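Structure below is entry_33.cif: mmCIF, N, CA and C atoms.
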data_my_file
loop_
_atom_site.label_atom_id
_atom_site.label_comp_id
_atom_site.auth_asym_id
_atom_site.auth_seq_id
_atom_site.Cartn_x
_atom_site.Cartn_y
_atom_site.Cartn_z
N MET A 173 40.41 225.69 81.51
CA MET A 173 40.58 225.62 80.08
C MET A 173 39.22 225.23 79.47
N SER A 174 38.81 225.98 78.46
CA SER A 174 37.52 225.68 77.83
C SER A 174 37.63 224.38 77.04
N GLN A 175 36.48 223.80 76.76
CA GLN A 175 36.46 222.53 76.04
C GLN A 175 36.98 222.71 74.62
N ASP A 176 36.68 223.87 73.99
CA ASP A 176 37.20 224.14 72.65
C ASP A 176 38.72 224.21 72.65
N ARG A 177 39.25 224.92 73.63
CA ARG A 177 40.71 225.07 73.72
C ARG A 177 41.37 223.72 73.96
N ARG A 178 40.74 222.90 74.78
CA ARG A 178 41.29 221.57 75.06
C ARG A 178 41.33 220.73 73.78
N PHE A 179 40.25 220.81 72.99
CA PHE A 179 40.22 220.09 71.71
C PHE A 179 41.35 220.56 70.80
N ILE A 180 41.55 221.87 70.72
CA ILE A 180 42.60 222.42 69.85
C ILE A 180 43.97 221.97 70.33
N GLU A 181 44.21 221.99 71.63
CA GLU A 181 45.50 221.54 72.16
C GLU A 181 45.76 220.06 71.83
N LEU A 182 44.73 219.23 71.98
CA LEU A 182 44.89 217.81 71.64
C LEU A 182 45.13 217.64 70.14
N TRP A 183 44.41 218.41 69.32
CA TRP A 183 44.58 218.34 67.88
C TRP A 183 45.99 218.77 67.48
N LEU A 184 46.48 219.86 68.09
CA LEU A 184 47.83 220.34 67.79
C LEU A 184 48.88 219.28 68.15
N ARG A 185 48.73 218.65 69.28
CA ARG A 185 49.69 217.63 69.71
C ARG A 185 49.69 216.46 68.72
N ARG A 186 48.50 215.99 68.35
CA ARG A 186 48.38 214.87 67.41
C ARG A 186 48.94 215.25 66.04
N THR A 187 48.66 216.45 65.59
CA THR A 187 49.11 216.90 64.28
C THR A 187 50.63 217.05 64.26
N ARG A 188 51.20 217.58 65.32
CA ARG A 188 52.66 217.71 65.39
C ARG A 188 53.33 216.35 65.32
N LYS A 189 52.77 215.36 66.02
CA LYS A 189 53.32 214.01 65.96
C LYS A 189 53.24 213.45 64.55
N GLU A 190 52.13 213.70 63.87
CA GLU A 190 51.94 213.22 62.50
C GLU A 190 52.96 213.86 61.55
N LEU A 191 53.22 215.15 61.73
CA LEU A 191 54.13 215.87 60.83
C LEU A 191 55.59 215.53 61.07
N MET A 192 55.90 214.92 62.22
CA MET A 192 57.28 214.55 62.51
C MET A 192 57.71 213.27 61.81
N ILE A 193 56.75 212.54 61.26
CA ILE A 193 57.06 211.32 60.53
C ILE A 193 57.82 211.70 59.27
N SER A 194 58.88 210.98 58.98
CA SER A 194 59.72 211.28 57.83
C SER A 194 58.92 211.35 56.54
N GLY A 195 59.03 212.47 55.83
CA GLY A 195 58.37 212.65 54.55
C GLY A 195 56.94 213.13 54.63
N ARG A 196 56.37 213.10 55.81
CA ARG A 196 54.95 213.46 55.97
C ARG A 196 54.73 214.96 55.76
N LEU A 197 55.66 215.78 56.21
CA LEU A 197 55.54 217.24 56.04
C LEU A 197 55.48 217.59 54.55
N ALA A 198 56.36 217.02 53.76
CA ALA A 198 56.37 217.30 52.32
C ALA A 198 55.09 216.78 51.66
N GLU A 199 54.64 215.61 52.07
CA GLU A 199 53.42 215.03 51.50
C GLU A 199 52.20 215.90 51.81
N ILE A 200 52.07 216.33 53.04
CA ILE A 200 50.93 217.16 53.44
C ILE A 200 50.99 218.51 52.74
N THR A 201 52.19 219.09 52.63
CA THR A 201 52.35 220.36 51.94
C THR A 201 51.87 220.25 50.50
N LEU A 202 52.27 219.20 49.83
CA LEU A 202 51.86 218.98 48.44
C LEU A 202 50.35 218.83 48.33
N LEU A 203 49.75 218.05 49.20
CA LEU A 203 48.30 217.85 49.18
C LEU A 203 47.55 219.17 49.43
N LEU A 204 48.06 219.97 50.35
CA LEU A 204 47.41 221.25 50.65
C LEU A 204 47.54 222.22 49.48
N GLN A 205 48.69 222.24 48.83
CA GLN A 205 48.88 223.13 47.69
C GLN A 205 48.00 222.70 46.52
N GLN A 206 47.74 221.42 46.37
CA GLN A 206 46.86 220.94 45.31
C GLN A 206 45.41 221.32 45.58
N ARG A 207 45.04 221.46 46.85
CA ARG A 207 43.68 221.84 47.22
C ARG A 207 43.40 223.33 47.03
N THR A 208 44.44 224.14 46.92
CA THR A 208 44.26 225.58 46.77
C THR A 208 43.58 225.86 45.44
N SER A 209 42.53 226.67 45.48
CA SER A 209 41.80 227.02 44.26
C SER A 209 42.69 227.83 43.33
N SER A 210 42.44 227.70 42.04
CA SER A 210 43.29 228.38 41.06
C SER A 210 43.18 229.89 41.15
N GLY A 211 42.06 230.42 41.63
CA GLY A 211 41.90 231.87 41.74
C GLY A 211 42.51 232.46 43.00
N ASP A 212 42.82 231.62 43.97
CA ASP A 212 43.38 232.09 45.24
C ASP A 212 44.86 232.41 45.08
N PRO A 213 45.35 233.38 45.87
CA PRO A 213 46.79 233.65 45.82
C PRO A 213 47.56 232.45 46.39
N PRO A 214 48.77 232.21 45.87
CA PRO A 214 49.54 231.06 46.38
C PRO A 214 49.85 231.22 47.87
N ARG A 215 49.85 230.11 48.55
CA ARG A 215 50.10 230.12 49.99
C ARG A 215 51.27 229.19 50.27
N ASP A 216 52.12 229.60 51.18
CA ASP A 216 53.27 228.78 51.55
C ASP A 216 52.89 227.87 52.71
N TRP A 217 52.24 226.75 52.39
CA TRP A 217 51.82 225.81 53.42
C TRP A 217 53.02 225.21 54.15
N HIS A 218 54.12 225.04 53.43
CA HIS A 218 55.31 224.46 54.06
C HIS A 218 55.76 225.33 55.24
N GLN A 219 55.79 226.63 55.02
CA GLN A 219 56.21 227.55 56.09
C GLN A 219 55.21 227.52 57.25
N ASP A 220 53.90 227.47 56.92
CA ASP A 220 52.89 227.40 57.97
C ASP A 220 53.03 226.12 58.80
N LEU A 221 53.26 225.00 58.13
CA LEU A 221 53.39 223.73 58.85
C LEU A 221 54.67 223.70 59.70
N LEU A 222 55.73 224.30 59.21
CA LEU A 222 56.94 224.42 60.04
C LEU A 222 56.65 225.26 61.28
N GLY A 223 55.89 226.32 61.09
CA GLY A 223 55.48 227.15 62.23
C GLY A 223 54.61 226.39 63.20
N LEU A 224 53.77 225.51 62.69
CA LEU A 224 52.93 224.67 63.54
C LEU A 224 53.81 223.74 64.37
N LEU A 225 54.84 223.18 63.74
CA LEU A 225 55.75 222.28 64.45
C LEU A 225 56.51 222.97 65.56
N ASP A 226 56.99 224.19 65.30
CA ASP A 226 57.78 224.87 66.34
C ASP A 226 56.94 225.75 67.27
N GLY A 227 55.63 225.78 67.04
CA GLY A 227 54.74 226.51 67.95
C GLY A 227 54.59 227.98 67.64
N SER A 228 55.16 228.46 66.55
CA SER A 228 55.06 229.90 66.23
C SER A 228 53.81 230.22 65.41
N TRP A 229 53.10 229.21 64.91
CA TRP A 229 51.87 229.43 64.14
C TRP A 229 50.80 228.47 64.64
N GLU A 230 49.62 229.01 64.85
CA GLU A 230 48.47 228.20 65.24
C GLU A 230 47.36 228.46 64.23
N PRO A 231 46.82 227.41 63.63
CA PRO A 231 45.83 227.60 62.56
C PRO A 231 44.52 228.17 63.09
N ASN A 232 43.86 228.98 62.24
CA ASN A 232 42.50 229.40 62.57
C ASN A 232 41.58 228.22 62.27
N MET A 233 40.29 228.37 62.52
CA MET A 233 39.39 227.24 62.37
C MET A 233 39.30 226.75 60.92
N ASP A 234 39.34 227.67 59.95
CA ASP A 234 39.30 227.25 58.55
C ASP A 234 40.53 226.42 58.19
N ASP A 235 41.69 226.88 58.62
CA ASP A 235 42.93 226.13 58.36
C ASP A 235 42.92 224.79 59.09
N LEU A 236 42.41 224.79 60.32
CA LEU A 236 42.34 223.56 61.10
C LEU A 236 41.47 222.52 60.38
N ILE A 237 40.33 222.95 59.88
CA ILE A 237 39.43 222.03 59.18
C ILE A 237 40.09 221.52 57.90
N THR A 238 40.76 222.41 57.17
CA THR A 238 41.45 222.00 55.94
C THR A 238 42.54 220.99 56.25
N LEU A 239 43.37 221.29 57.25
CA LEU A 239 44.44 220.38 57.64
C LEU A 239 43.89 219.04 58.12
N ASP A 240 42.85 219.10 58.92
CA ASP A 240 42.28 217.87 59.45
C ASP A 240 41.71 217.00 58.33
N GLY A 241 41.14 217.64 57.32
CA GLY A 241 40.63 216.89 56.18
C GLY A 241 41.73 216.16 55.42
N VAL A 242 42.90 216.77 55.34
CA VAL A 242 44.03 216.14 54.66
C VAL A 242 44.64 215.04 55.54
N LEU A 243 44.71 215.29 56.83
CA LEU A 243 45.34 214.32 57.73
C LEU A 243 44.45 213.12 58.04
N ALA A 244 43.14 213.28 57.88
CA ALA A 244 42.22 212.19 58.20
C ALA A 244 42.47 211.01 57.28
N ARG A 245 42.51 209.88 57.84
CA ARG A 245 42.71 208.67 57.04
C ARG A 245 41.37 208.24 56.46
N PRO A 246 41.36 207.88 55.18
CA PRO A 246 40.09 207.45 54.59
C PRO A 246 39.63 206.14 55.21
N LYS A 247 38.33 206.06 55.43
CA LYS A 247 37.77 204.84 55.99
C LYS A 247 37.56 203.83 54.87
N LYS A 248 37.75 202.59 55.20
CA LYS A 248 37.56 201.53 54.21
C LYS A 248 36.07 201.42 53.90
N ALA A 249 35.78 201.28 52.63
CA ALA A 249 34.39 201.07 52.23
C ALA A 249 33.95 199.70 52.71
N ASN A 250 32.82 199.66 53.33
CA ASN A 250 32.28 198.40 53.84
C ASN A 250 30.98 198.13 53.10
N PRO A 251 31.03 197.33 52.02
CA PRO A 251 29.82 197.11 51.24
C PRO A 251 28.74 196.43 52.08
N ALA A 252 27.49 196.87 51.86
CA ALA A 252 26.39 196.31 52.61
C ALA A 252 26.15 194.85 52.24
N VAL A 253 26.31 194.53 50.98
CA VAL A 253 26.08 193.17 50.51
C VAL A 253 27.37 192.66 49.86
N ASP A 254 27.87 191.57 50.35
CA ASP A 254 29.05 190.98 49.73
C ASP A 254 28.65 190.25 48.47
N GLU A 255 29.31 190.55 47.39
CA GLU A 255 29.06 189.85 46.15
C GLU A 255 30.01 188.68 46.05
N PRO A 256 29.54 187.56 45.54
CA PRO A 256 30.44 186.38 45.43
C PRO A 256 31.51 186.63 44.39
N HIS A 257 32.66 186.09 44.64
CA HIS A 257 33.76 186.16 43.68
C HIS A 257 33.66 184.94 42.77
N TRP A 258 33.48 185.18 41.50
CA TRP A 258 33.30 184.09 40.57
C TRP A 258 34.60 183.48 40.12
N PHE A 259 35.65 184.25 40.10
CA PHE A 259 36.92 183.71 39.64
C PHE A 259 37.98 183.98 40.64
#
Take the structure from the file and write it as structure tokens.
Amino acid sequence: MSQDRRFIELWLRRTRKELMISGRLAEITLLLQQRTSSGDPPRDWHQDLLGLLDGSWEPNMDDLITLDGVLARPKKANPAVDEPHWF
């Protein structure tokens, strides 16, 4: 198995686990639909994600990057200099 394929298999497994959380599929679908540009034709992300869950759809690299961007948890900002709290 190539290293790229191994990465994709691990990503698919992690993503499927994430989408099985109650309400997460609807939340991700909504976020993906909001990211769609106004000039692009509408896309049924819900159907694609259901296909991802049951194994009938595998994202191409563009879709994988888009999905990963939505699924990634934001990192907490770590200020370089702590400012004192006056009150």
From the DSSP assignment of the backbone, select every residue of chain A that is alpha helix (DSSP H), and format the answer as number ranges by chain. A: 175-191, 196-207, 217-226, 233-243
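Our summary of the geometry notes that atom N of A:Gly227 is positioned 28.3 Å from atom N of A:Ser210.
Atom CA of A:Ile180 to atom CA of A:Leu236 spans 8.8 Å [interatomic distance, one decimal].
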Once the PyMOL selection byres (((chain A and resi 224 and name CA) around 12) and name CA) is applied to the coordinates I shared, what remains selected? I want it as a ChimeraX atom specification. /A:181,183-192,197,217-223,225-232,235-236,239
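Each of A:Arg215, A:Arg245, A:Asp234, A:Ser174 was checked against A:Thr201 using only C-alpha atoms; the smallest atom-to-atom distance is that of A:Arg215.
Reported to one decimal place, the separation of atom CA of A:Glu199 from atom CA of A:Leu243 is 10.2 Å.
Nearest-residue note for A:Val242: choosing from A:Leu182, A:Ile193, A:Met173, A:Leu203, the minimum distance belongs to A:Leu203, counting all atoms listed in the file.
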